[in-house]
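Visitor: To be precise about what I am sending: the file is called structure_0.txt and holds compact mmCIF, C-alpha atoms and all ligand atoms.
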# COMPACT_ATOMS: atom_id res chain seq x y z
CA MET I 49 9.31 4.20 17.43
CA ARG I 50 6.54 3.97 14.85
CA SER I 51 6.10 5.10 11.29
CA LEU I 52 2.98 5.39 9.13
CA ILE I 53 3.39 3.86 5.68
CA SER I 54 -0.07 2.45 4.88
CA ILE I 55 -3.45 3.24 6.42
CA LEU I 56 -3.66 -0.44 7.42
CA ASP I 57 -0.65 0.08 9.73
CA LEU I 58 -3.18 1.67 12.07
CA SER I 59 -5.78 -0.36 13.90
CA VAL I 60 -9.40 0.82 14.01
CA GLU I 61 -8.81 1.77 17.67
CA GLU I 62 -5.74 3.83 16.79
CA ILE I 63 -7.64 5.64 14.04
CA ALA I 64 -10.42 6.41 16.52
CA GLU I 65 -7.83 7.79 18.93
CA LEU I 66 -6.25 9.96 16.22
CA LEU I 67 -9.60 11.38 15.15
CA GLU I 68 -10.44 12.09 18.78
CA VAL I 69 -7.21 14.03 19.25
CA ALA I 70 -7.84 15.91 15.99
CA GLU I 71 -11.29 16.91 17.21
CA ASP I 72 -9.81 18.02 20.53
CA ILE I 73 -7.27 20.16 18.66
CA ILE I 74 -10.13 21.77 16.74
CA ALA I 75 -12.00 22.46 19.99
CA ASN I 76 -8.98 23.60 22.04
CA PRO I 77 -6.27 24.88 19.69
CA LYS I 78 -4.50 26.86 22.47
CA LYS I 79 -3.81 23.70 24.43
CA TYR I 80 -1.67 22.42 21.56
CA SER I 81 -0.04 25.59 20.26
CA GLU I 82 3.37 25.14 21.94
CA ILE I 83 3.37 21.43 22.52
CA CYS I 84 6.01 20.66 19.86
CA HIS I 85 8.26 23.55 20.79
CA GLY I 86 11.84 22.70 19.82
CA LYS I 87 10.79 19.79 17.59
CA LYS I 88 11.58 19.68 13.88
CA LEU I 89 9.65 18.11 11.02
CA ALA I 90 11.60 17.34 7.83
CA THR I 91 9.50 17.37 4.68
CA LEU I 92 11.42 15.35 2.10
CA PHE I 93 9.53 15.81 -1.15
CA PHE I 94 11.23 14.00 -4.02
CA GLU I 95 8.40 15.18 -6.27
CA PRO I 96 6.47 18.41 -5.87
CA SER I 97 3.15 18.39 -4.07
CA THR I 98 2.72 21.86 -2.66
CA ARG I 99 -0.68 21.13 -1.16
CA THR I 100 0.44 18.15 0.91
CA ARG I 101 3.73 19.75 1.93
CA LEU I 102 2.04 22.93 3.13
CA SER I 103 -0.46 20.90 5.09
CA PHE I 104 2.33 19.08 6.95
CA GLU I 105 4.31 22.26 7.55
CA ALA I 106 1.27 24.19 8.75
CA ALA I 107 0.43 21.28 11.07
CA MET I 108 3.90 21.29 12.65
CA MET I 109 3.92 25.10 12.98
CA GLU I 110 0.54 25.11 14.69
CA LEU I 111 2.00 22.72 17.24
CA GLY I 112 4.81 25.19 17.92
CA GLY I 113 7.43 23.19 16.03
CA ASN I 114 9.68 24.00 13.09
CA CYS I 115 10.11 22.61 9.58
CA LEU I 116 12.98 21.99 7.21
CA GLY I 117 13.36 20.05 4.00
CA PHE I 118 13.16 20.20 0.23
CA SER I 119 10.26 20.32 -2.21
CA GLU I 120 11.64 18.54 -5.28
CA ALA I 121 14.32 15.98 -6.09
CA GLN I 122 16.49 18.53 -7.92
CA SER I 123 17.16 20.40 -4.71
CA SER I 124 18.06 17.23 -2.78
CA SER I 125 21.10 14.99 -2.86
CA ALA I 126 18.98 12.40 -4.68
CA SER I 127 19.91 14.28 -7.85
CA LYS I 128 23.53 13.30 -7.09
CA GLY I 129 22.50 9.66 -6.84
CA GLU I 130 22.15 9.30 -3.09
CA THR I 131 19.93 6.43 -1.98
CA VAL I 132 16.72 6.90 0.00
CA ALA I 133 18.37 4.97 2.85
CA ASP I 134 21.33 7.36 3.06
CA THR I 135 19.22 10.51 2.73
CA THR I 136 17.05 9.24 5.56
CA ARG I 137 19.99 8.35 7.80
CA VAL I 138 21.40 11.85 7.34
CA VAL I 139 18.09 13.65 7.88
CA SER I 140 17.40 11.52 10.99
CA CYS I 141 20.31 13.39 12.58
CA TYR I 142 18.60 16.75 12.10
CA ALA I 143 14.88 16.14 12.47
CA ASP I 144 12.56 14.54 15.03
CA ILE I 145 10.09 13.29 12.44
CA ILE I 146 10.03 12.93 8.64
CA ALA I 147 7.24 13.31 6.07
CA MET I 148 8.31 11.79 2.75
CA ARG I 149 6.81 12.09 -0.71
CA HIS I 150 8.44 10.03 -3.45
CA PRO I 151 7.49 9.10 -7.03
CA LYS I 152 8.61 5.49 -6.50
CA GLU I 153 6.36 3.03 -4.68
CA GLY I 154 7.80 1.76 -1.41
CA ALA I 155 10.39 4.55 -0.93
CA PRO I 156 8.88 5.68 2.41
CA LEU I 157 8.98 2.08 3.65
CA VAL I 158 12.68 1.96 2.80
CA ALA I 159 13.11 5.25 4.68
CA SER I 160 11.35 3.82 7.74
CA MET I 161 13.73 0.86 7.74
CA TYR I 162 16.79 3.11 8.03
CA SER I 163 15.44 6.11 9.92
CA THR I 164 16.02 6.63 13.62
CA VAL I 165 12.95 8.90 13.78
CA PRO I 166 9.32 8.24 12.71
CA VAL I 167 8.54 8.42 8.98
CA ILE I 168 5.18 9.46 7.56
CA ASN I 169 4.36 8.43 4.00
CA ALA I 170 3.16 11.61 2.29
CA GLY I 171 2.42 9.74 -0.94
CA ASP I 172 4.51 7.16 -2.86
CA GLY I 173 3.60 7.15 -6.54
CA GLY I 174 0.21 5.59 -7.16
CA HIS I 175 0.59 3.39 -4.09
CA ASN I 176 -0.26 4.78 -0.60
CA HIS I 177 -1.22 8.16 0.79
CA PRO I 178 -2.40 7.40 4.33
CA THR I 179 -2.74 11.00 5.56
CA GLN I 180 -5.23 11.71 2.75
CA THR I 181 -7.26 8.74 3.97
CA LEU I 182 -7.09 9.99 7.56
CA THR I 183 -8.27 13.37 6.27
CA ASP I 184 -11.23 11.72 4.53
CA LEU I 185 -12.08 9.69 7.64
CA LEU I 186 -11.98 12.76 9.88
CA THR I 187 -14.23 14.64 7.48
CA ILE I 188 -16.79 11.82 7.40
CA LYS I 189 -16.59 11.43 11.18
CA ARG I 190 -17.17 15.13 11.79
CA LYS I 191 -20.03 15.30 9.31
CA LYS I 192 -21.81 12.08 10.26
CA GLY I 193 -20.69 11.77 13.86
CA LYS I 194 -19.61 8.17 13.16
CA LEU I 195 -17.83 5.93 10.68
CA THR I 196 -20.51 3.24 10.60
CA ASP I 197 -23.95 2.83 9.03
CA PHE I 198 -23.83 5.04 5.97
CA THR I 199 -23.81 4.82 2.19
CA ILE I 200 -20.88 6.31 0.31
CA GLY I 201 -20.68 6.87 -3.44
CA PHE I 202 -17.33 7.06 -5.22
CA CYS I 203 -17.55 8.90 -8.51
CA GLY I 204 -15.14 9.39 -11.42
CA ASP I 205 -11.84 7.63 -11.89
CA LEU I 206 -12.09 4.56 -9.68
CA LYS I 207 -9.46 2.65 -11.62
CA PHE I 208 -6.36 4.78 -10.99
CA GLY I 209 -7.61 6.82 -8.05
CA ARG I 210 -5.44 5.70 -5.15
CA THR I 211 -7.36 7.90 -2.69
CA VAL I 212 -10.46 5.88 -3.56
CA HIS I 213 -8.67 2.57 -3.12
CA SER I 214 -7.30 3.37 0.31
CA LEU I 215 -10.51 4.93 1.58
CA ILE I 216 -12.40 1.80 0.53
CA GLN I 217 -9.77 -0.29 2.31
CA ALA I 218 -10.07 1.82 5.45
CA LEU I 219 -13.88 1.81 5.44
CA SER I 220 -14.03 -1.96 4.95
CA ARG I 221 -13.20 -2.30 8.65
CA TYR I 222 -16.34 -0.45 9.84
CA GLU I 223 -19.83 -1.84 10.35
CA ASN I 224 -22.56 -1.42 7.78
CA VAL I 225 -20.87 0.86 5.27
CA LYS I 226 -22.49 0.50 1.83
CA VAL I 227 -20.50 1.41 -1.26
CA VAL I 228 -21.80 2.72 -4.58
CA LEU I 229 -19.25 2.77 -7.40
CA ILE I 230 -20.05 5.36 -10.06
CA SER I 231 -17.79 5.43 -13.10
CA PRO I 232 -17.60 4.87 -16.85
CA ASP I 233 -16.80 1.31 -17.87
CA GLU I 234 -13.23 2.37 -18.70
CA LEU I 235 -12.53 3.62 -15.18
CA LYS I 236 -14.18 0.95 -13.03
CA LEU I 237 -12.73 -0.11 -9.68
CA PRO I 238 -10.05 -2.81 -10.33
CA SER I 239 -11.39 -6.32 -9.78
CA TYR I 240 -8.69 -7.20 -7.22
CA ILE I 241 -10.04 -4.50 -4.90
CA LYS I 242 -13.59 -5.79 -5.35
CA LYS I 243 -12.39 -9.30 -4.58
CA ASP I 244 -9.74 -8.72 -1.89
CA VAL I 245 -11.43 -5.85 -0.07
CA LEU I 246 -15.17 -5.55 -0.75
CA GLN I 247 -16.13 -9.20 -1.17
CA LYS I 248 -13.67 -10.47 1.43
CA ASN I 249 -15.15 -8.14 4.06
CA ASN I 250 -18.76 -8.72 2.96
CA ILE I 251 -19.25 -5.07 2.01
CA GLU I 252 -22.47 -4.41 0.16
CA TYR I 253 -21.68 -2.61 -3.12
CA VAL I 254 -23.24 -1.72 -6.45
CA GLN I 255 -21.69 -0.48 -9.68
CA THR I 256 -23.33 2.04 -11.94
CA ASP I 257 -22.51 4.57 -14.63
CA ASN I 258 -25.32 6.93 -13.68
CA LEU I 259 -24.55 9.49 -11.01
CA GLU I 260 -27.95 11.19 -11.00
CA LYS I 261 -29.83 7.95 -10.51
CA VAL I 262 -27.98 6.90 -7.34
CA LEU I 263 -27.44 10.35 -5.86
CA PRO I 264 -30.61 10.30 -3.67
CA GLU I 265 -29.38 7.17 -1.84
CA LEU I 266 -26.04 8.63 -0.77
CA ASP I 267 -24.96 10.00 2.62
CA VAL I 268 -21.45 10.76 1.37
CA LEU I 269 -20.33 11.45 -2.20
CA TYR I 270 -16.59 11.17 -2.89
CA MET I 271 -15.81 12.88 -6.18
CA THR I 272 -12.55 12.38 -8.10
CA ARG I 273 -10.98 13.86 -11.17
CA VAL I 274 -11.50 12.16 -14.54
CA GLN I 275 -8.18 12.69 -16.27
CA LYS I 276 -7.96 13.30 -19.98
CA GLU I 277 -4.86 11.15 -20.45
CA ARG I 278 -6.78 8.03 -19.37
CA PHE I 279 -8.82 8.09 -22.59
CA LEU I 280 -8.05 6.89 -26.07
CA SER I 281 -9.77 9.73 -27.88
CA GLU I 282 -10.68 13.32 -27.21
CA GLU I 283 -14.35 12.66 -28.13
CA GLU I 284 -14.55 9.78 -25.69
CA TYR I 285 -13.10 11.94 -22.92
CA ILE I 286 -15.51 14.80 -23.52
CA ARG I 287 -18.50 12.45 -23.74
CA LEU I 288 -17.65 10.73 -20.44
CA ARG I 289 -16.36 13.73 -18.59
CA ASP I 290 -19.66 15.56 -18.74
CA SER I 291 -21.67 12.69 -17.32
CA TYR I 292 -19.51 12.78 -14.18
CA ILE I 293 -19.77 16.47 -13.42
CA LEU I 294 -21.61 17.37 -10.27
CA THR I 295 -23.80 20.44 -10.65
CA LYS I 296 -26.23 22.22 -8.39
CA ALA I 297 -29.07 20.99 -10.62
CA LYS I 298 -28.08 17.34 -10.17
CA LEU I 299 -28.14 17.80 -6.40
CA LYS I 300 -31.88 18.54 -6.49
CA ASN I 301 -32.86 15.03 -5.40
CA ALA I 302 -29.90 14.41 -3.11
CA LYS I 303 -30.29 14.10 0.66
CA GLU I 304 -30.33 17.28 2.73
CA ASP I 305 -27.43 16.03 4.81
CA LEU I 306 -25.30 14.65 1.98
CA SER I 307 -21.57 15.37 2.41
CA ILE I 308 -19.61 16.01 -0.78
CA LEU I 309 -15.89 15.24 -0.54
CA HIS I 310 -13.08 15.66 -3.06
CA PRO I 311 -9.34 15.11 -2.45
CA LEU I 312 -8.57 18.17 -4.63
CA PRO I 313 -7.33 19.61 -6.89
CA ARG I 314 -10.55 19.68 -8.84
CA VAL I 315 -10.70 20.58 -12.49
CA ASN I 316 -14.30 20.73 -13.62
CA GLU I 317 -15.90 17.66 -12.07
CA ILE I 318 -17.63 19.75 -9.42
CA SER I 319 -19.06 22.88 -10.91
CA THR I 320 -18.37 26.03 -8.90
CA ASP I 321 -22.08 26.61 -8.28
CA VAL I 322 -21.92 23.68 -5.82
CA ASP I 323 -19.31 25.45 -3.65
CA SER I 324 -21.88 27.59 -1.87
CA ASP I 325 -24.13 24.59 -1.16
CA SER I 326 -24.04 23.59 2.50
CA ARG I 327 -23.40 19.99 1.42
CA ALA I 328 -20.00 20.85 -0.12
CA CYS I 329 -17.29 19.76 2.34
CA TYR I 330 -14.15 19.76 0.20
CA PHE I 331 -12.62 22.94 1.57
CA GLU I 332 -13.41 21.89 5.12
CA GLN I 333 -11.69 18.64 4.19
CA VAL I 334 -8.46 20.56 3.52
CA LEU I 335 -8.63 22.05 7.00
CA ASN I 336 -9.31 18.62 8.48
CA GLY I 337 -6.17 17.41 6.71
CA LYS I 338 -4.08 19.83 8.74
CA TYR I 339 -5.74 18.83 12.03
CA VAL I 340 -5.38 15.11 11.47
CA ARG I 341 -1.70 15.57 10.54
CA MET I 342 -1.24 17.47 13.80
CA ALA I 343 -2.77 14.54 15.68
CA LEU I 344 -0.58 12.10 13.77
CA ILE I 345 2.63 14.03 14.49
CA LEU I 346 1.74 13.99 18.20
CA LYS I 347 1.03 10.27 18.14
CA LEU I 348 4.27 9.36 16.38
CA LEU I 349 6.30 11.68 18.62
CA GLU I 350 4.50 10.07 21.57
CA ILE I 351 3.41 13.42 22.96
CA THR I 352 0.20 13.42 24.96
CA VAL I 353 -1.88 16.24 26.40
CA ASP I 354 -4.19 15.88 29.39
CA MET P 188 20.82 -47.97 -12.64
CA HIS P 189 22.87 -47.91 -9.47
CA ILE P 190 24.00 -44.78 -7.62
CA ASP P 191 26.31 -45.11 -4.62
CA SER P 192 24.61 -44.19 -1.38
CA ILE P 193 26.24 -41.38 0.55
CA LYS P 194 27.95 -41.47 3.95
CA GLU P 195 27.76 -37.79 4.86
CA GLY P 196 25.52 -35.32 3.08
CA ILE P 197 22.00 -34.65 1.99
CA VAL P 198 19.44 -36.00 -0.40
CA LEU P 199 16.79 -33.79 -1.95
CA ASP P 200 13.96 -36.20 -2.59
CA HIS P 201 10.49 -35.97 -4.15
CA ILE P 202 11.51 -33.19 -6.50
CA THR P 203 8.82 -32.70 -9.14
CA ALA P 204 10.04 -34.54 -12.25
CA GLY P 205 11.79 -32.07 -14.52
CA ASN P 206 12.72 -29.60 -11.77
CA ALA P 207 16.10 -31.04 -10.78
CA MET P 208 18.28 -28.97 -13.12
CA LYS P 209 16.48 -25.77 -12.19
CA ILE P 210 16.98 -26.46 -8.49
CA TYR P 211 20.61 -27.45 -9.13
CA ASN P 212 21.24 -24.05 -10.70
CA LEU P 213 19.20 -21.94 -8.29
CA LEU P 214 20.80 -23.48 -5.20
CA GLY P 215 24.24 -22.91 -6.69
CA LEU P 216 25.19 -26.58 -6.61
CA ASP P 217 27.34 -26.03 -9.68
CA LYS P 218 29.83 -24.29 -7.38
CA LEU P 219 30.31 -27.32 -5.14
CA GLU P 220 33.55 -29.35 -5.27
CA CYS P 221 32.01 -32.53 -3.87
CA THR P 222 30.11 -35.22 -5.74
CA VAL P 223 26.61 -34.21 -6.75
CA ALA P 224 24.29 -36.68 -8.42
CA ILE P 225 21.20 -35.62 -10.33
CA ILE P 226 18.83 -38.48 -10.88
CA LYS P 227 15.94 -37.77 -13.17
CA ASN P 228 12.63 -39.52 -13.76
CA VAL P 229 12.89 -41.96 -10.87
CA PRO P 230 9.77 -44.15 -10.70
CA SER P 231 7.64 -43.16 -7.69
CA LYS P 232 4.62 -44.95 -6.30
CA LYS P 233 2.97 -41.70 -5.24
CA VAL P 234 3.45 -39.41 -8.21
CA GLY P 235 4.61 -41.63 -11.05
CA LYS P 236 7.96 -39.92 -11.58
CA LYS P 237 10.26 -37.75 -9.48
CA ASP P 238 13.77 -36.29 -9.50
CA ILE P 239 16.39 -36.70 -6.79
CA ILE P 240 19.59 -34.78 -6.05
CA LYS P 241 22.31 -36.32 -3.87
CA ILE P 242 24.97 -34.05 -2.42
CA ASP P 243 28.06 -35.56 -0.84
CA SER P 244 28.60 -32.86 1.80
CA ASN P 245 26.71 -31.04 4.56
CA PHE P 246 25.62 -28.31 2.21
CA ASP P 247 23.45 -25.58 3.72
CA VAL P 248 20.37 -25.62 1.46
CA ASN P 249 18.58 -22.30 0.95
CA LEU P 250 15.12 -23.36 2.14
CA GLU P 251 13.48 -20.23 0.78
CA ILE P 252 14.57 -21.00 -2.76
CA LEU P 253 13.75 -24.68 -2.54
CA GLY P 254 10.38 -24.05 -0.88
CA TYR P 255 9.44 -21.47 -3.47
CA VAL P 256 10.48 -23.51 -6.50
CA ASP P 257 9.29 -26.93 -5.34
CA PRO P 258 7.40 -26.96 -2.03
CA GLY P 259 6.84 -30.74 -2.10
CA THR P 260 10.54 -31.56 -1.81
CA THR P 261 11.95 -33.37 1.23
CA ILE P 262 15.48 -33.04 2.57
CA ASP P 263 17.15 -36.14 4.02
CA ILE P 264 20.18 -35.48 6.18
CA ILE P 265 22.62 -38.38 6.13
CA HIS P 266 25.21 -38.95 8.84
CA ASP P 267 27.37 -42.09 9.12
CA SER P 268 25.40 -43.57 6.21
CA LYS P 269 22.21 -43.26 8.25
CA LEU P 270 19.20 -41.04 7.76
CA VAL P 271 19.27 -38.75 10.84
CA GLU P 272 16.71 -36.17 9.86
CA LYS P 273 13.96 -35.71 7.31
CA LYS P 274 12.78 -32.16 6.62
CA HIS P 275 9.65 -31.29 4.70
CA VAL P 276 9.88 -28.16 2.64
CA ASP P 277 6.93 -25.79 2.44
CA LEU P 278 6.19 -22.45 0.81
CA PRO P 279 8.30 -19.95 2.80
CA ASP P 280 6.60 -16.96 4.45
CA THR P 281 9.22 -14.60 3.05
CA LEU P 282 11.65 -14.64 0.17
CA HIS P 283 14.92 -12.73 0.46
CA GLY P 284 16.76 -12.16 -2.80
CA VAL P 285 15.04 -15.08 -4.51
CA ILE P 286 12.91 -13.24 -7.06
CA LYS P 287 12.89 -9.70 -8.44
CA CYS P 288 10.06 -7.17 -8.46
CA LYS P 289 8.87 -6.46 -12.00
CA ASN P 290 6.94 -3.27 -11.20
CA PRO P 291 8.73 -0.40 -13.00
CA ARG P 292 7.31 2.07 -10.47
CA CYS P 293 8.82 0.16 -7.52
CA ILE P 294 11.69 1.76 -5.57
CA THR P 295 13.74 -1.41 -6.20
CA SER P 296 13.67 -0.61 -9.93
CA VAL P 297 15.93 2.41 -9.32
CA GLU P 298 17.83 1.33 -6.21
CA SER P 299 19.43 -1.98 -7.06
CA ASN P 300 21.24 -2.18 -3.72
CA LEU P 301 17.94 -2.83 -1.93
CA GLU P 302 17.33 -6.45 -0.99
CA GLN P 303 14.39 -7.92 -2.89
CA VAL P 304 11.92 -9.13 -0.27
CA PHE P 305 8.56 -10.77 -0.89
CA THR P 306 5.97 -12.04 1.56
CA LEU P 307 3.43 -14.81 1.06
CA THR P 308 0.04 -13.09 1.14
CA ASP P 309 -2.15 -15.94 -0.14
CA ARG P 310 -0.91 -19.47 0.55
CA ASP P 311 -3.69 -21.24 -1.36
CA ASN P 312 -2.92 -19.39 -4.57
CA LYS P 313 0.83 -19.10 -3.94
CA VAL P 314 0.72 -15.30 -4.14
CA TYR P 315 3.87 -13.43 -3.12
CA ARG P 316 3.93 -9.64 -2.97
CA CYS P 317 6.85 -7.23 -2.95
CA ILE P 318 7.12 -5.64 0.52
CA TYR P 319 7.89 -2.25 -1.00
CA CYS P 320 5.21 -1.76 -3.66
CA GLU P 321 2.92 -4.76 -2.96
CA ALA P 322 3.01 -5.84 -6.61
CA LYS P 323 2.45 -9.56 -7.23
CA ALA P 324 5.52 -11.62 -7.97
ZN ZN A 1 8.14 -3.85 -5.79
Reformat the file's structure so that it appears as structure tokens.

Guide:
Amino acid sequence: MRSLISILDLSVEEIAELLEVAEDIIANPKKYSEICHGKKLATLFFEPSTRTRLSFEAAMMELGGNCLGFSEAQSSSASKGETVADTTRVVSCYADIIAMRHPKEGAPLVASMYSTVPVINAGDGGHNHPTQTLTDLLTIKRKKGKLTDFTIGFCGDLKFGRTVHSLIQALSRYENVKVVLISPDELKLPSYIKKDVLQKNNIEYVQTDNLEKVLPELDVLYMTRVQKERFLSEEEYIRLRDSYILTKAKLKNAKEDLSILHPLPRVNEISTDVDSDSRACYFEQVLNGKYVRMALILKLLEITVD
Amino acid sequence: MHIDSIKEGIVLDHITAGNAMKIYNLLGLDKLECTVAIIKNVPSKKVGKKDIIKIDSNFDVNLEILGYVDPGTTIDIIHDSKLVEKKHVDLPDTLHGVIKCKNPRCITSVESNLEQVFTLTDRDNKVYRCIYCEAKA
């Protein structure tokens, strides 16, 4: 029995397999519509994340399975002081697979140590969120046809953005991926990731604070939210925020086949006039999230389709 | 200075000078009933000065603790007044219940019943990371 706690738990070959299954689900949805009949997914969300929970539940339903669970700690026995280990042991008796979201880092790993069914980490604090990374990888794969030989720009909050950190980690295992880091000085990628991931894997990267200047070089642009609470002053926030907003006008010199990704929710960092541009992929990305979760559920339940 | 040699027991040798008391406490030697000798600042050809601990019983040394605190230490096992085995201590691959995670966002910060486990992720720089949150020790 396997669980998925960190994206690095999966080998490059396993990721390729998962993306292949996801693409087959997209092409032949009927083939998969009853495959999990009688199976139950438990979504144990110790902090609310409606988007991620719905994605998991929709994934299980589209496979013909059912869902049960809770969407915040108050409605679970955690509010009575039950440990993650005990909650997991109990839920293992009811469900065939668990998706867990928890505000504390490492909680899903603890769950996987005590569970008798597979556990999927659906986000543990600022630590890991492997199904978001799988979603990003599937989106890039479907847009570019491959996960090698392209230039990706990460823009916005690269310091606290865990989706950025794990996608960089995941991409560091593919050939000839160039990375452009676009952020204000205050929100630069932490040096340990530059050292332990980029430099260690000989990934070519540049750092800049100018989005417009590097935009023409990019094949993929990964936008993130710049959060107000990261700044010392309101003026500073407003000054920096506006230089990291993607608008239709800024896209003028970008490549025709650029793919714009965003883990969502967005606030104002991508202006709505970009939504109708064929290069905007962030809503497609949401859909891909459901498909890749379907593929992951099948893999962990060890269900295969011919 | 003369210290009686032991018939049955162990000698922790080549302890970095100044570390003996720390190791004595961390290994829980204060709880032993047998004779324990702490010898500090023993002249050593190799390193100038070292500490030695002699324990007059077949005490089961926690190698994780000793390896983490002082990886250069050697353990001499004495039987019938003879040295029967010499063990070299090295940095352990994992630490169970030796150190605590300091990350306030770690699950271990709210669930104290969880065993604290760290793994050695970078031997050259002696970096241990919490298995739950991956924070550095
Ligand atoms: Zn920790």

Visitor: Give me, as a list in words, all polymer residues having an atom no more than 8 Å from I:Ile146, counting only C-alpha atoms and skipping those fewer than 5 positions away in the same chain.

Guide: Leu89, Ala90, Thr91, Leu92, Ser140, Val165, Pro166, Val167 and Ile168 of chain I

Visitor: Can you tell me how far atom CA of I:Asp72 sits from atom CA of I:Pro313, in Å to one decimal?

Guide: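 Those two atoms sit 27.6 Å apart.
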
Visitor: Which distance in Å separates atom CA of I:Gly174 and atom CA of I:His213, to one decimal?

Guide: 10.2 Å

Visitor: Leaving out P:Lys287 and any residue of its chain fewer than 5 positions from it, which residues lie within 12 Å of it when counting all atoms listed in the file, given as a ChimeraX atom specification?

Guide: /P:282,293-296,299,301-305,315-319,322-324

Visitor: Those selected residues, please, written with C-alpha atoms and delivered as an mmCIF file, in the coordinates of the input.

Guide:
data_model
loop_
_atom_site.group_PDB
_atom_site.id
_atom_site.type_symbol
_atom_site.label_atom_id
_atom_site.label_comp_id
_atom_site.auth_asym_id
_atom_site.auth_seq_id
_atom_site.Cartn_x
_atom_site.Cartn_y
_atom_site.Cartn_z
ATOM 1 C CA LEU P 282 11.650 -14.640 0.170
ATOM 2 C CA CYS P 293 8.820 0.160 -7.520
ATOM 3 C CA ILE P 294 11.690 1.760 -5.570
ATOM 4 C CA THR P 295 13.740 -1.410 -6.200
ATOM 5 C CA SER P 296 13.670 -0.610 -9.930
ATOM 6 C CA SER P 299 19.430 -1.980 -7.060
ATOM 7 C CA LEU P 301 17.940 -2.830 -1.930
ATOM 8 C CA GLU P 302 17.330 -6.450 -0.990
ATOM 9 C CA GLN P 303 14.390 -7.920 -2.890
ATOM 10 C CA VAL P 304 11.920 -9.130 -0.270
ATOM 11 C CA PHE P 305 8.560 -10.770 -0.890
ATOM 12 C CA TYR P 315 3.870 -13.430 -3.120
ATOM 13 C CA ARG P 316 3.930 -9.640 -2.970
ATOM 14 C CA CYS P 317 6.850 -7.230 -2.950
ATOM 15 C CA ILE P 318 7.120 -5.640 0.520
ATOM 16 C CA TYR P 319 7.890 -2.250 -1.000
ATOM 17 C CA ALA P 322 3.010 -5.840 -6.610
ATOM 18 C CA LYS P 323 2.450 -9.560 -7.230
ATOM 19 C CA ALA P 324 5.520 -11.620 -7.970
#

Visitor: Should the cut-off be 8 Å, what would the residue list for chain I against chain P look like, counting all atoms listed in the file, as number ranges by chain?

Guide: I: 131, 151-155, 157-158, 173, 175

Visitor: Could you write out as JSON the box around stretch 274-292 of chain P (axis-aligned, all atoms listed in the file, 4 Å on each side), with centre and edge lengths in Å to one decimal?

Guide:
{"center_x": 11.5, "center_y": -15.0, "center_z": -3.2, "size_x": 18.6, "size_y": 42.2, "size_z": 27.6}

Visitor: Write out as a list in words each polymer residue whose atoms come within 7 Å of I:Tyr253, counting all atoms listed in the file; drop sequence neighbours fewer than 2 positions from it.

Guide: Lys226, Val227, Val228, Ile251 and Gln255 of chain I

Visitor: Distance atom CA of I:Pro238-atom CA of P:Asp280, one decimal place?

Guide: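 Interatomic distance here is 26.4 Å.
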
Visitor: At a cut-off of 8 Å, using only C-alpha atoms, what residues contact P:Asn249? Leave out same-chain residues fewer than 3 positions from it and give the result as a PyMOL selection string.

Guide: chain P and resi 214+252-253

Visitor: Which one of I:Glu223, I:Glu120, I:Asp323, I:Glu68 sits closest to I:Thr98 if you count all atoms listed in the file?

Guide: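 Result for the nearest residue to I:Thr98: I:Glu120.
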
Visitor: Can you work out which one of I:Tyr142, I:Arg190, I:Arg273, I:Asn224 has the shortest atom-to-atom distance to I:Phe208, counting all atoms listed in the file?

Guide: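 Closest to I:Phe208, using all atoms listed in the file: I:Arg273.
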
Visitor: I'd like the contact shell of P:Gly259 - 8 Å cut-off, all atoms listed in the file, skipping same-chain residues fewer than 2 positions apart - returned as a VMD selection string.

Guide: chain P and resid 201 to 203 254 257 261 275 to 277

Visitor: Find, counting all atoms listed in the file, the residue in P:Leu199, P:Ile286, P:Leu270, P:Val229 that gets nearest to P:Pro258.

Guide: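 Under the stated criterion, the closest residue is P:Leu199.
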
Visitor: Just checking: using all atoms listed in the file, which residue out of P:Lys289, P:Arg310, P:Cys221, P:Gly196 ends up closest to ligand ZN 1 (chain A)?

Guide: P:Lys289

Visitor: For a quick check of understanding, using only C-alpha atoms and all ligand atoms, which of I:Lys276, I:Asp172, I:Lys88, I:Tyr292 has the smallest distance to ligand ZN 1 (chain A)?

Guide: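 Closest residue, counting only C-alpha atoms and all ligand atoms: I:Asp172.
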
Visitor: Between P:Glu195, P:Asp309, P:Asp200, P:Asp247, which has the minimum distance to P:Asp267 (counting only C-alpha atoms)?

Guide: P:Glu195
